[in-house]
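Just final-v8.tsv here, TSV, C-alpha atoms:
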```
chain	number	residue	atom	x	y	z
A	1	MET	CA	141.24	46.75	97.33
A	2	THR	CA	139.90	46.53	93.75
A	3	MET	CA	136.84	44.35	93.20
A	4	GLU	CA	136.25	42.47	90.00
A	5	TYR	CA	132.85	41.51	88.65
A	6	ASP	CA	132.22	39.04	85.90
A	7	SER	CA	130.00	40.64	83.25
A	8	GLU	CA	127.39	37.92	83.72
A	9	GLN	CA	127.61	37.24	87.44
A	10	PRO	CA	124.54	38.05	89.54
A	11	LEU	CA	124.62	41.30	91.46
A	12	SER	CA	123.40	41.87	95.00
A	13	ILE	CA	121.04	44.86	94.76
A	14	CYS	CA	119.11	46.79	97.39
A	15	HIS	CA	116.34	49.23	96.46
A	16	VAL	CA	115.31	51.74	99.14
A	17	ILE	CA	112.10	53.80	99.25
A	18	THR	CA	110.29	55.57	102.06
A	19	ARG	CA	106.92	53.85	101.67
A	20	MET	CA	105.16	51.42	99.34
A	21	ILE	CA	101.80	53.07	98.91
A	22	VAL	CA	99.82	52.74	95.69
A	23	GLY	CA	101.65	55.27	93.54
A	24	GLY	CA	103.81	55.72	90.46
A	25	ALA	CA	107.21	55.87	92.18
A	26	GLN	CA	106.36	52.77	94.18
A	27	GLU	CA	105.20	50.77	91.16
A	28	ASN	CA	108.35	51.83	89.29
A	29	THR	CA	110.48	50.63	92.20
A	30	LEU	CA	108.68	47.31	92.53
A	31	LEU	CA	108.89	46.59	88.78
A	32	SER	CA	112.61	47.41	88.84
A	33	CYS	CA	113.08	44.92	91.68
A	34	LEU	CA	111.07	42.19	89.96
A	35	GLY	CA	112.79	42.68	86.62
A	36	GLN	CA	116.24	42.49	88.17
A	37	LEU	CA	115.23	39.49	90.26
A	38	GLU	CA	113.95	37.71	87.15
A	39	ALA	CA	117.29	38.42	85.45
A	40	GLY	CA	118.99	36.28	88.12
A	41	ASN	CA	120.19	38.93	90.56
A	42	ARG	CA	119.75	38.96	94.34
A	43	VAL	CA	117.35	41.79	95.18
A	44	VAL	CA	116.11	43.24	98.46
A	45	LEU	CA	113.50	46.00	98.82
A	46	VAL	CA	113.85	48.22	101.89
A	47	THR	CA	110.85	50.38	102.78
A	48	GLY	CA	109.39	52.26	105.69
A	49	PRO	CA	105.86	51.77	107.03
A	50	SER	CA	103.18	52.33	104.37
A	51	PRO	CA	99.92	53.41	106.04
A	52	GLY	CA	97.56	55.91	104.46
A	53	PRO	CA	94.41	56.29	102.36
A	54	GLU	CA	96.32	55.57	99.14
A	55	GLY	CA	96.53	51.84	100.03
A	56	GLU	CA	99.53	49.51	100.25
A	57	LEU	CA	100.98	48.47	96.91
A	58	LEU	CA	102.56	45.28	98.23
A	59	ALA	CA	99.10	44.08	99.22
A	60	ARG	CA	97.86	44.68	95.67
A	61	MET	CA	100.77	43.55	93.47
A	62	LYS	CA	102.43	40.15	93.72
A	63	ALA	CA	106.17	40.10	94.37
A	64	PRO	CA	107.19	36.42	94.34
A	65	GLY	CA	110.70	35.76	95.57
A	66	LEU	CA	111.40	39.37	96.54
A	67	GLU	CA	112.88	39.89	100.01
A	68	ILE	CA	111.24	42.88	101.72
A	69	ALA	CA	112.70	44.59	104.80
A	70	VAL	CA	110.61	47.15	106.67
A	71	PHE	CA	112.48	49.82	108.68
A	72	PRO	CA	110.10	51.51	111.16
A	73	ASP	CA	112.22	54.68	111.40
A	74	LEU	CA	112.25	55.27	107.63
A	75	VAL	CA	109.32	57.70	107.65
A	76	ARG	CA	108.25	60.31	105.11
A	77	GLU	CA	107.97	63.21	107.57
A	78	LEU	CA	111.02	65.18	108.66
A	79	SER	CA	112.09	63.80	112.05
A	80	LEU	CA	115.61	64.34	113.34
A	81	ARG	CA	115.31	61.43	115.76
A	82	CYS	CA	113.85	58.93	113.25
A	83	ASP	CA	116.08	60.12	110.42
A	84	ARG	CA	119.26	59.66	112.45
A	85	ARG	CA	118.21	56.17	113.54
A	86	ALA	CA	117.15	55.20	110.04
A	87	CYS	CA	120.48	56.32	108.58
A	88	CYS	CA	122.43	54.27	111.14
A	89	GLU	CA	120.19	51.23	110.68
A	90	LEU	CA	120.51	51.40	106.91
A	91	ALA	CA	124.32	51.68	107.07
A	92	ARG	CA	124.47	48.67	109.39
A	93	PHE	CA	122.17	46.69	107.09
A	94	PHE	CA	124.19	47.58	103.98
A	95	ARG	CA	127.46	46.56	105.67
A	96	GLU	CA	126.04	43.25	106.89
A	97	ARG	CA	124.54	42.32	103.52
A	98	ARG	CA	127.51	43.55	101.43
A	99	PHE	CA	125.42	44.81	98.52
A	100	ASP	CA	127.04	45.58	95.17
A	101	VAL	CA	124.40	48.20	94.42
A	102	VAL	CA	122.15	50.42	96.53
A	103	HIS	CA	119.48	52.15	94.46
A	104	THR	CA	117.41	54.75	96.32
A	105	HIS	CA	114.04	56.23	95.36
A	106	SER	CA	112.10	59.30	96.56
A	107	SER	CA	113.69	62.31	98.21
A	108	LYS	CA	113.78	61.29	101.87
A	109	ALA	CA	114.94	57.70	101.33
A	110	GLY	CA	117.28	59.01	98.66
A	111	ILE	CA	119.09	61.31	101.04
A	112	LEU	CA	119.32	58.91	103.99
A	113	GLY	CA	119.98	55.88	101.79
A	114	ARG	CA	122.81	57.47	99.82
A	115	ILE	CA	124.54	58.74	102.96
A	116	ALA	CA	124.21	55.32	104.61
A	117	ALA	CA	125.39	53.45	101.51
A	118	ARG	CA	128.53	55.54	101.22
A	119	ARG	CA	129.28	55.08	104.92
A	120	ALA	CA	128.88	51.34	104.45
A	121	GLY	CA	131.28	51.29	101.50
A	122	VAL	CA	128.74	50.11	98.90
A	123	PRO	CA	130.60	50.20	95.55
A	124	CYS	CA	127.69	51.40	93.37
A	125	VAL	CA	125.24	53.96	94.78
A	126	VAL	CA	122.52	55.37	92.51
A	127	HIS	CA	119.28	57.31	92.93
A	128	THR	CA	116.09	57.86	90.91
A	129	ILE	CA	114.18	61.15	90.89
A	130	HIS	CA	110.47	60.47	90.52
A	131	GLY	CA	109.47	64.04	91.39
A	132	GLN	CA	111.17	67.00	92.99
A	133	ALA	CA	110.94	67.63	96.72
A	134	PHE	CA	111.52	71.33	95.98
A	135	HIS	CA	108.89	73.07	93.87
A	136	ALA	CA	107.03	76.34	93.39
A	137	TYR	CA	104.27	75.43	95.84
A	138	GLU	CA	106.55	74.67	98.79
A	139	LYS	CA	107.64	77.06	101.55
A	140	PRO	CA	110.93	78.87	100.72
A	141	TRP	CA	112.75	77.57	103.80
A	142	LYS	CA	111.78	73.99	102.95
A	143	ASN	CA	112.94	74.43	99.37
A	144	TRP	CA	116.30	75.68	100.66
A	145	LEU	CA	116.55	72.68	102.98
A	146	TYR	CA	115.60	70.19	100.27
A	147	ARG	CA	118.04	71.65	97.73
A	148	SER	CA	120.86	71.65	100.28
A	149	ALA	CA	120.16	68.05	101.24
A	150	GLU	CA	119.94	66.96	97.60
A	151	ARG	CA	123.31	68.59	96.83
A	152	PHE	CA	124.86	66.83	99.82
A	153	ALA	CA	123.44	63.45	98.78
A	154	ALA	CA	124.35	63.91	95.10
A	155	ARG	CA	128.04	64.02	96.06
A	156	ARG	CA	127.59	60.59	97.65
A	157	CYS	CA	126.29	58.69	94.65
A	158	ASP	CA	127.58	57.60	91.28
A	159	ARG	CA	124.59	58.24	89.03
A	160	ILE	CA	121.22	59.97	89.31
A	161	PHE	CA	118.41	58.64	87.14
A	162	ALA	CA	115.35	60.71	86.32
A	163	VAL	CA	112.00	59.61	84.92
A	164	ALA	CA	111.87	62.70	82.67
A	165	GLN	CA	114.33	65.08	81.06
A	166	ALA	CA	112.52	67.96	82.77
A	167	MET	CA	113.64	66.61	86.14
A	168	ILE	CA	117.27	66.77	85.04
A	169	ASP	CA	116.93	70.30	83.71
A	170	GLN	CA	115.41	71.44	87.01
A	171	CYS	CA	118.17	69.81	89.07
A	172	VAL	CA	120.95	71.28	86.95
A	173	ALA	CA	119.33	74.73	87.17
A	174	ALA	CA	119.17	74.32	90.97
A	175	ARG	CA	122.88	73.30	90.98
A	176	ILE	CA	122.16	69.94	92.59
A	177	ALA	CA	124.77	68.12	90.49
A	178	PRO	CA	126.48	68.47	87.09
A	179	ARG	CA	124.48	67.37	84.05
A	180	GLU	CA	126.84	64.49	83.28
A	181	GLN	CA	125.86	62.78	86.54
A	182	TYR	CA	122.27	62.37	85.31
A	183	GLN	CA	120.58	59.87	83.01
A	184	VAL	CA	116.97	59.66	81.82
A	185	VAL	CA	115.36	56.26	82.39
A	186	TYR	CA	111.68	56.38	81.57
A	187	SER	CA	109.45	54.72	84.13
A	188	GLY	CA	108.64	51.15	83.17
A	189	MET	CA	105.21	49.54	83.23
A	190	ASP	CA	103.57	46.26	82.29
A	191	MET	CA	102.63	47.67	78.90
A	192	ALA	CA	100.85	44.57	77.58
A	193	ARG	CA	98.00	45.04	80.05
A	194	TYR	CA	97.34	48.54	78.71
A	195	LEU	CA	98.00	47.91	75.03
A	196	HIS	CA	95.31	45.21	75.08
A	197	ALA	CA	92.87	46.91	77.46
A	198	LYS	CA	89.22	46.20	76.71
A	199	PRO	CA	85.97	47.20	78.42
A	200	CYS	CA	85.10	44.83	81.23
A	201	PRO	CA	81.53	43.47	81.10
A	202	GLY	CA	79.46	44.81	83.97
A	203	LEU	CA	81.93	47.49	85.08
A	204	ARG	CA	79.88	50.43	83.82
A	205	GLU	CA	76.79	49.03	85.50
A	206	LYS	CA	78.72	48.61	88.74
A	207	LEU	CA	79.90	52.23	88.56
A	208	GLY	CA	76.44	53.53	87.60
A	209	ILE	CA	77.62	54.90	84.24
A	210	PRO	CA	75.15	54.63	81.32
A	211	ALA	CA	76.32	52.32	78.54
A	212	ASP	CA	76.42	55.03	75.87
A	213	ALA	CA	77.75	57.95	77.98
A	214	PRO	CA	81.13	59.47	77.06
A	215	VAL	CA	83.54	59.27	79.99
A	216	ILE	CA	86.30	61.68	81.01
A	217	GLY	CA	88.56	60.07	83.57
A	218	THR	CA	91.24	60.89	86.09
A	219	LEU	CA	93.75	58.45	87.56
A	220	ALA	CA	95.49	60.00	90.55
A	221	ARG	CA	95.38	60.25	94.31
A	222	LEU	CA	92.69	62.60	95.61
A	223	PHE	CA	95.21	64.98	97.16
A	224	GLU	CA	96.28	68.60	96.94
A	225	LEU	CA	98.21	69.69	93.83
A	226	LYS	CA	96.76	66.77	91.84
A	227	GLY	CA	94.57	69.23	89.95
A	228	TYR	CA	91.10	68.36	91.15
A	229	ASP	CA	90.18	72.01	91.63
A	230	PHE	CA	90.67	72.39	87.85
A	231	VAL	CA	88.58	69.28	87.26
A	232	MET	CA	85.71	70.91	89.13
A	233	ARG	CA	86.11	74.12	87.11
A	234	ALA	CA	86.28	72.44	83.71
A	235	ALA	CA	83.55	69.82	84.21
A	236	PRO	CA	80.55	72.22	84.21
A	237	ARG	CA	81.79	73.80	80.95
A	238	VAL	CA	81.95	70.39	79.28
A	239	LEU	CA	78.48	69.50	80.54
A	240	GLU	CA	77.01	72.66	79.01
A	241	ARG	CA	77.92	71.28	75.57
A	242	HIS	CA	77.75	67.54	76.29
A	243	PRO	CA	75.33	67.01	79.20
A	244	GLU	CA	75.52	63.23	78.78
A	245	THR	CA	79.21	63.16	79.83
A	246	ARG	CA	80.29	61.34	82.98
A	247	PHE	CA	83.46	61.89	85.04
A	248	LEU	CA	85.19	58.83	86.46
A	249	LEU	CA	87.72	59.49	89.26
A	250	VAL	CA	89.98	56.49	89.89
A	251	GLY	CA	91.91	56.79	93.16
A	252	ASP	CA	91.27	57.81	96.73
A	253	GLY	CA	92.56	60.27	99.27
A	254	ILE	CA	91.75	63.07	101.69
A	255	LEU	CA	89.87	65.18	99.12
A	256	ARG	CA	87.16	62.67	98.31
A	257	GLU	CA	84.48	64.03	100.63
A	258	SER	CA	85.14	67.65	99.68
A	259	LEU	CA	85.00	66.78	95.97
A	260	GLU	CA	81.70	64.99	96.47
A	261	ARG	CA	80.32	68.03	98.30
A	262	GLU	CA	81.54	70.41	95.59
A	263	ALA	CA	79.98	68.31	92.85
A	264	GLU	CA	76.74	68.36	94.85
A	265	SER	CA	76.86	72.13	95.26
A	266	LEU	CA	77.44	72.57	91.51
A	267	GLY	CA	74.45	70.37	90.75
A	268	ILE	CA	76.53	67.80	88.87
A	269	ARG	CA	76.93	65.07	91.50
A	270	ASP	CA	75.10	62.53	89.30
A	271	HIS	CA	77.76	63.02	86.64
A	272	PHE	CA	80.62	62.08	88.98
A	273	HIS	CA	81.63	58.50	89.76
A	274	PHE	CA	84.23	57.78	92.42
A	275	ALA	CA	85.89	54.41	91.86
A	276	GLY	CA	88.08	54.61	94.97
A	277	LEU	CA	91.26	52.55	95.22
A	278	VAL	CA	91.70	50.17	92.31
A	279	ALA	CA	94.20	47.30	92.25
A	280	PRO	CA	96.96	47.96	89.69
A	281	ASP	CA	95.97	44.96	87.60
A	282	ARG	CA	92.43	46.37	87.27
A	283	VAL	CA	93.45	49.87	86.14
A	284	PRO	CA	93.36	48.92	82.42
A	285	ASP	CA	89.71	47.91	82.82
A	286	TYR	CA	88.84	51.40	84.02
A	287	LEU	CA	90.92	53.16	81.36
A	288	ALA	CA	89.13	51.12	78.71
A	289	GLU	CA	85.86	52.80	79.76
A	290	MET	CA	87.25	56.33	79.21
A	291	ASN	CA	87.17	58.51	76.11
A	292	MET	CA	90.03	60.64	77.40
A	293	LEU	CA	92.12	61.22	80.52
A	294	TRP	CA	92.52	64.49	82.40
A	295	HIS	CA	95.81	64.79	84.29
A	296	LEU	CA	95.76	68.31	85.68
A	297	SER	CA	98.41	67.98	88.36
A	298	LEU	CA	100.51	71.02	89.23
A	299	ARG	CA	103.48	68.94	90.37
A	300	GLU	CA	104.64	65.83	88.58
A	301	GLY	CA	107.68	63.86	87.58
A	302	LEU	CA	106.49	61.99	84.55
A	303	PRO	CA	102.78	61.11	84.84
A	304	ARG	CA	102.42	57.33	84.69
A	305	SER	CA	98.65	57.64	84.38
A	306	VAL	CA	99.11	59.55	81.11
A	307	VAL	CA	101.43	56.84	79.76
A	308	GLN	CA	98.89	54.19	80.77
A	309	ALA	CA	96.05	56.10	79.11
A	310	LEU	CA	98.01	56.57	75.89
A	311	ALA	CA	98.96	52.88	75.86
A	312	SER	CA	95.24	52.14	76.19
A	313	GLY	CA	94.61	54.20	73.05
A	314	ILE	CA	92.93	57.25	74.56
A	315	PRO	CA	94.20	60.85	74.36
A	316	ALA	CA	95.21	62.82	77.44
A	317	LEU	CA	95.00	66.44	78.52
A	318	GLY	CA	97.40	68.03	80.99
A	319	PHE	CA	99.46	71.09	81.83
A	320	ARG	CA	102.82	72.13	80.41
A	321	LEU	CA	105.02	71.45	83.42
A	322	ASP	CA	107.61	68.96	84.62
A	323	GLY	CA	107.61	65.79	82.51
A	324	THR	CA	104.06	66.04	81.18
A	325	PRO	CA	105.01	67.59	77.78
A	326	GLU	CA	107.31	64.63	77.15
A	327	VAL	CA	104.27	62.35	76.77
A	328	ILE	CA	101.39	64.71	76.01
A	329	LEU	CA	102.63	66.08	72.69
A	330	ASP	CA	100.27	68.98	72.07
A	331	GLY	CA	97.97	68.23	69.17
A	332	GLU	CA	99.61	64.85	68.60
A	333	THR	CA	98.83	62.58	71.58
A	334	GLY	CA	96.43	64.96	73.35
A	335	TYR	CA	96.54	68.56	74.46
A	336	CYS	CA	99.08	70.22	76.73
A	337	LEU	CA	97.86	73.53	78.10
A	338	ALA	CA	99.14	76.36	80.27
A	339	PRO	CA	99.09	75.42	83.99
A	340	GLY	CA	95.70	76.21	85.49
A	341	ASP	CA	93.88	76.72	82.17
A	342	ALA	CA	90.65	74.95	83.09
A	343	ALA	CA	88.75	76.77	80.32
A	344	GLY	CA	91.25	75.46	77.77
A	345	VAL	CA	90.89	71.93	79.14
A	346	ALA	CA	87.14	72.16	78.71
A	347	GLU	CA	87.43	73.60	75.19
A	348	LYS	CA	89.81	70.88	73.97
A	349	SER	CA	87.76	68.15	75.65
A	350	ILE	CA	84.62	69.38	73.87
A	351	ALA	CA	86.53	69.28	70.58
A	352	LEU	CA	87.47	65.64	71.20
A	353	LEU	CA	83.90	64.72	72.16
A	354	ASP	CA	82.65	66.48	69.03
A	355	ASP	CA	85.11	64.57	66.82
A	356	PRO	CA	85.62	60.92	67.88
A	357	ALA	CA	87.83	60.32	64.83
A	358	LEU	CA	90.23	63.01	66.06
A	359	ALA	CA	90.28	61.44	69.51
A	360	ALA	CA	91.04	58.05	67.97
A	361	ARG	CA	93.94	59.47	65.93
A	362	LEU	CA	95.49	61.15	68.97
A	363	GLY	CA	95.05	57.99	71.02
A	364	ALA	CA	96.70	55.84	68.34
A	365	ALA	CA	99.65	58.24	68.11
A	366	GLY	CA	99.99	58.11	71.89
A	367	ARG	CA	100.02	54.32	71.90
A	368	ALA	CA	102.78	54.29	69.26
A	369	LEU	CA	104.82	56.78	71.34
A	370	VAL	CA	104.78	54.90	74.64
A	371	LYS	CA	104.55	51.19	73.85
A	372	GLU	CA	108.32	50.57	73.76
A	373	ARG	CA	109.74	53.55	75.62
A	374	PHE	CA	107.94	52.67	78.87
A	375	ASP	CA	108.20	48.89	78.83
A	376	ALA	CA	109.18	47.54	82.29
A	377	PRO	CA	111.76	44.96	81.08
A	378	ARG	CA	113.45	47.71	79.06
A	379	MET	CA	113.71	49.89	82.18
A	380	SER	CA	115.20	47.04	84.25
A	381	ARG	CA	117.70	46.25	81.50
A	382	ILE	CA	118.87	49.87	81.23
A	383	LEU	CA	119.33	50.10	85.00
A	384	LEU	CA	121.32	46.87	85.14
A	385	GLU	CA	123.55	48.06	82.31
A	386	ALA	CA	124.17	51.30	84.21
A	387	TYR	CA	125.04	49.44	87.43
A	388	ARG	CA	127.53	47.25	85.61
A	389	ALA	CA	129.10	50.21	83.82
A	390	ILE	CA	129.68	51.93	87.17
A	391	LEU	CA	131.13	48.76	88.72
A	392	ARG	CA	133.26	48.18	85.64
A	393	ALA	CA	134.70	51.68	85.89
A	394	LYS	CA	135.49	51.16	89.58
A	395	GLY	CA	136.68	47.58	89.69
A	396	GLY	CA	136.75	46.18	86.21
A	397	LEU	CA	134.10	43.78	84.99
A	398	ARG	CA	135.96	40.81	83.56
```
Spell out the structure here as structure tokens.
Amino acid sequence: MTMEYDSEQPLSICHVITRMIVGGAQENTLLSCLGQLEAGNRVVLVTGPSPGPEGELLARMKAPGLEIAVFPDLVRELSLRCDRRACCELARFFRERRFDVVHTHSSKAGILGRIAARRAGVPCVVHTIHGQAFHAYEKPWKNWLYRSAERFAARRCDRIFAVAQAMIDQCVAARIAPREQYQVVYSGMDMARYLHAKPCPGLREKLGIPADAPVIGTLARLFELKGYDFVMRAAPRVLERHPETRFLLVGDGILRESLEREAESLGIRDHFHFAGLVAPDRVPDYLAEMNMLWHLSLREGLPRSVVQALASGIPALGFRLDGTPEVILDGETGYCLAPGDAAGVAEKSIALLDDPALAARLGAAGRALVKERFDAPRMSRILLEAYRAILRAKGGLR
């Protein structure tokens, strides 16, 4: 039976993600939900449990009017028993609620959610890649499993969005799906908060940072592959030239104690300031205290922290991998170096500290690059247009 949708009628949309920790994929998902809800659609967010040192995003960002359903079996870890139950529970939920659109996020929820949505007969099934489950630092057998599962799930959805062109190129090279099935939709943010970021009175004093000290910051979970080993290699080199520099690490995670110990052993503990978890609406305050951002992750989709830093008017330094070169334009909005080049990071950071006018020019160019491309309402609008195009092709929007 052919369904017909009026071009202006509200859609019933379900977003599915494994967990709602404080993180880029989660904030992207929540802003998509809120934007589509504000546009007059019926929106439900399905998530699994969200424990962990990263913090729970839903406790830190308001989501008025958004229906949230927590599925206990939708867990991040591979678990045949939980995964089977979660898939069945999702299919039952989708059938009962008769959604027009199911939009999945993250690898695990993306695989289970797409299978369940197709079983339930959902007319529009789409997925967003925020970062690859398969990558160079994973075990070969796991990469094979992830690629196989992604290929299986790709055949059960209508469109695959990616937060960076690099993600699409990697998927096509891995033969996950044909290129025409993909579409870049840059990750949306509340850009106004960053474009107008200003130093917050008393914040430096609270953090123990001298008023006139230059600050190099990071904004990422304190976890493996987030590049903190390169931070600890580059920091002493910077301090040799600019001993007044301070390093502000915004975020928390399992590496905090080991990073504190390493800074102590290097004799630079007084130069490091650990902010811990910061509510999303306070992140601009911390960025406003920085002279530049280091994002030295070895595995990334498109780094939201870099976009946020550029919107705040400060340059960023990162490695040439995944989606990072799409926002850190080398020599234009910051510096993009070979993966692992801690010496290069230090050298370029010293150059920016030596020449504040250069840093200001790169920061201004970065702000111009990101201020429209990464606007949250723009992202929600593009997604809604894609949903309707898929439904139109299947049933005919009137």
Please identify all polymer residues within 12 Å of Asp252 (chain A), counting only C-alpha atoms, omitting same-chain residues fewer than 5 positions from it, and present them as a ChimeraX atom specification.
-> /A:21-23,52-55,218-224,226,228,257-260,273-279
For C-alpha atoms, I'd like the residues from the last selection saved as a PDB file, keeping the file's coordinate frame.
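Output contents, as saved in out_1.pdb:
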```
ATOM      1  CA  ILE A  21     101.800  53.070  98.910  1.00  0.00           C
ATOM      2  CA  VAL A  22      99.820  52.740  95.690  1.00  0.00           C
ATOM      3  CA  GLY A  23     101.650  55.270  93.540  1.00  0.00           C
ATOM      4  CA  GLY A  52      97.560  55.910 104.460  1.00  0.00           C
ATOM      5  CA  PRO A  53      94.410  56.290 102.360  1.00  0.00           C
ATOM      6  CA  GLU A  54      96.320  55.570  99.140  1.00  0.00           C
ATOM      7  CA  GLY A  55      96.530  51.840 100.030  1.00  0.00           C
ATOM      8  CA  THR A 218      91.240  60.890  86.090  1.00  0.00           C
ATOM      9  CA  LEU A 219      93.750  58.450  87.560  1.00  0.00           C
ATOM     10  CA  ALA A 220      95.490  60.000  90.550  1.00  0.00           C
ATOM     11  CA  ARG A 221      95.380  60.250  94.310  1.00  0.00           C
ATOM     12  CA  LEU A 222      92.690  62.600  95.610  1.00  0.00           C
ATOM     13  CA  PHE A 223      95.210  64.980  97.160  1.00  0.00           C
ATOM     14  CA  GLU A 224      96.280  68.600  96.940  1.00  0.00           C
ATOM     15  CA  LYS A 226      96.760  66.770  91.840  1.00  0.00           C
ATOM     16  CA  TYR A 228      91.100  68.360  91.150  1.00  0.00           C
ATOM     17  CA  GLU A 257      84.480  64.030 100.630  1.00  0.00           C
ATOM     18  CA  SER A 258      85.140  67.650  99.680  1.00  0.00           C
ATOM     19  CA  LEU A 259      85.000  66.780  95.970  1.00  0.00           C
ATOM     20  CA  GLU A 260      81.700  64.990  96.470  1.00  0.00           C
ATOM     21  CA  HIS A 273      81.630  58.500  89.760  1.00  0.00           C
ATOM     22  CA  PHE A 274      84.230  57.780  92.420  1.00  0.00           C
ATOM     23  CA  ALA A 275      85.890  54.410  91.860  1.00  0.00           C
ATOM     24  CA  GLY A 276      88.080  54.610  94.970  1.00  0.00           C
ATOM     25  CA  LEU A 277      91.260  52.550  95.220  1.00  0.00           C
ATOM     26  CA  VAL A 278      91.700  50.170  92.310  1.00  0.00           C
ATOM     27  CA  ALA A 279      94.200  47.300  92.250  1.00  0.00           C
TER      28      ALA A 279
END
```
Residues of region 211-264 of chain A at most 6 Å from region 288-291 of chain A: nearest atom pair and distance in Å, only C-alpha atoms, as CSV:
```
residue,atom,partner,partner_atom,distance
A:Val215,CA,A:Met290,CA,4.8
A:Ile216,CA,A:Met290,CA,5.7
A:Gly217,CA,A:Met290,CA,5.9
```
Which distance in Å separates CA of Trp294 (chain A) and CA of Met61 (chain A), to one decimal?
->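 It comes out at 25.1 Å.
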Of the candidates A:Val307, A:Gly24, A:Pro356, A:Gln132, which one gets nearest to Met191 (chain A) if we count only C-alpha atoms?
-> A:Val307
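Distance annotation: of A:Asp158, A:Tyr387, A:Ile111, A:Asp229, the residue with the minimal separation from Leu255 (chain A) is A:Asp229; atom set is all atoms listed in the file.
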Give the answer as one residue: which of A:Ala116, A:Leu34, A:Leu329, A:Met292 has the shortest atom-to-atom distance to Val370 (chain A), using only C-alpha atoms?
->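 Smallest distance to Val370 (chain A) is found for A:Leu329.
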May I ask you to restore N, CA and C atoms in region 128-143 of chain A and write the result as a compact mmCIF listing (two decimals), in the coordinates of the input?
```txt
# COMPACT_ATOMS: atom_id res chain seq x y z
N THR A 128 117.07 57.46 91.94
CA THR A 128 116.09 57.86 90.91
C THR A 128 115.22 59.00 91.43
N ILE A 129 115.11 60.05 90.62
CA ILE A 129 114.18 61.15 90.89
C ILE A 129 112.85 60.81 90.24
N HIS A 130 111.82 60.68 91.04
CA HIS A 130 110.47 60.47 90.52
C HIS A 130 109.68 61.77 90.49
N GLY A 131 110.09 62.72 91.29
CA GLY A 131 109.47 64.04 91.39
C GLY A 131 110.31 64.86 92.35
N GLN A 132 110.31 66.16 92.17
CA GLN A 132 111.17 67.00 92.99
C GLN A 132 110.56 67.27 94.36
N ALA A 133 111.40 67.21 95.38
CA ALA A 133 110.94 67.63 96.72
C ALA A 133 110.78 69.14 96.76
N PHE A 134 111.63 69.86 96.03
CA PHE A 134 111.52 71.33 95.98
C PHE A 134 110.67 71.72 94.76
N HIS A 135 109.77 72.66 94.96
CA HIS A 135 108.89 73.07 93.87
C HIS A 135 108.25 74.40 94.22
N ALA A 136 107.56 74.98 93.26
CA ALA A 136 107.03 76.34 93.39
C ALA A 136 105.96 76.47 94.46
N TYR A 137 105.38 75.36 94.88
CA TYR A 137 104.27 75.43 95.84
C TYR A 137 104.71 75.11 97.26
N GLU A 138 106.02 74.98 97.47
CA GLU A 138 106.55 74.67 98.79
C GLU A 138 107.04 75.95 99.47
N LYS A 139 107.13 75.92 100.80
CA LYS A 139 107.64 77.06 101.55
C LYS A 139 109.12 77.30 101.20
N PRO A 140 109.55 78.57 101.11
CA PRO A 140 110.93 78.87 100.72
C PRO A 140 111.97 78.18 101.61
N TRP A 141 111.76 78.17 102.93
CA TRP A 141 112.75 77.57 103.80
C TRP A 141 112.87 76.07 103.57
N LYS A 142 111.73 75.43 103.24
CA LYS A 142 111.78 73.99 102.95
C LYS A 142 112.49 73.73 101.63
N ASN A 143 112.24 74.58 100.65
CA ASN A 143 112.94 74.43 99.37
C ASN A 143 114.45 74.55 99.56
```
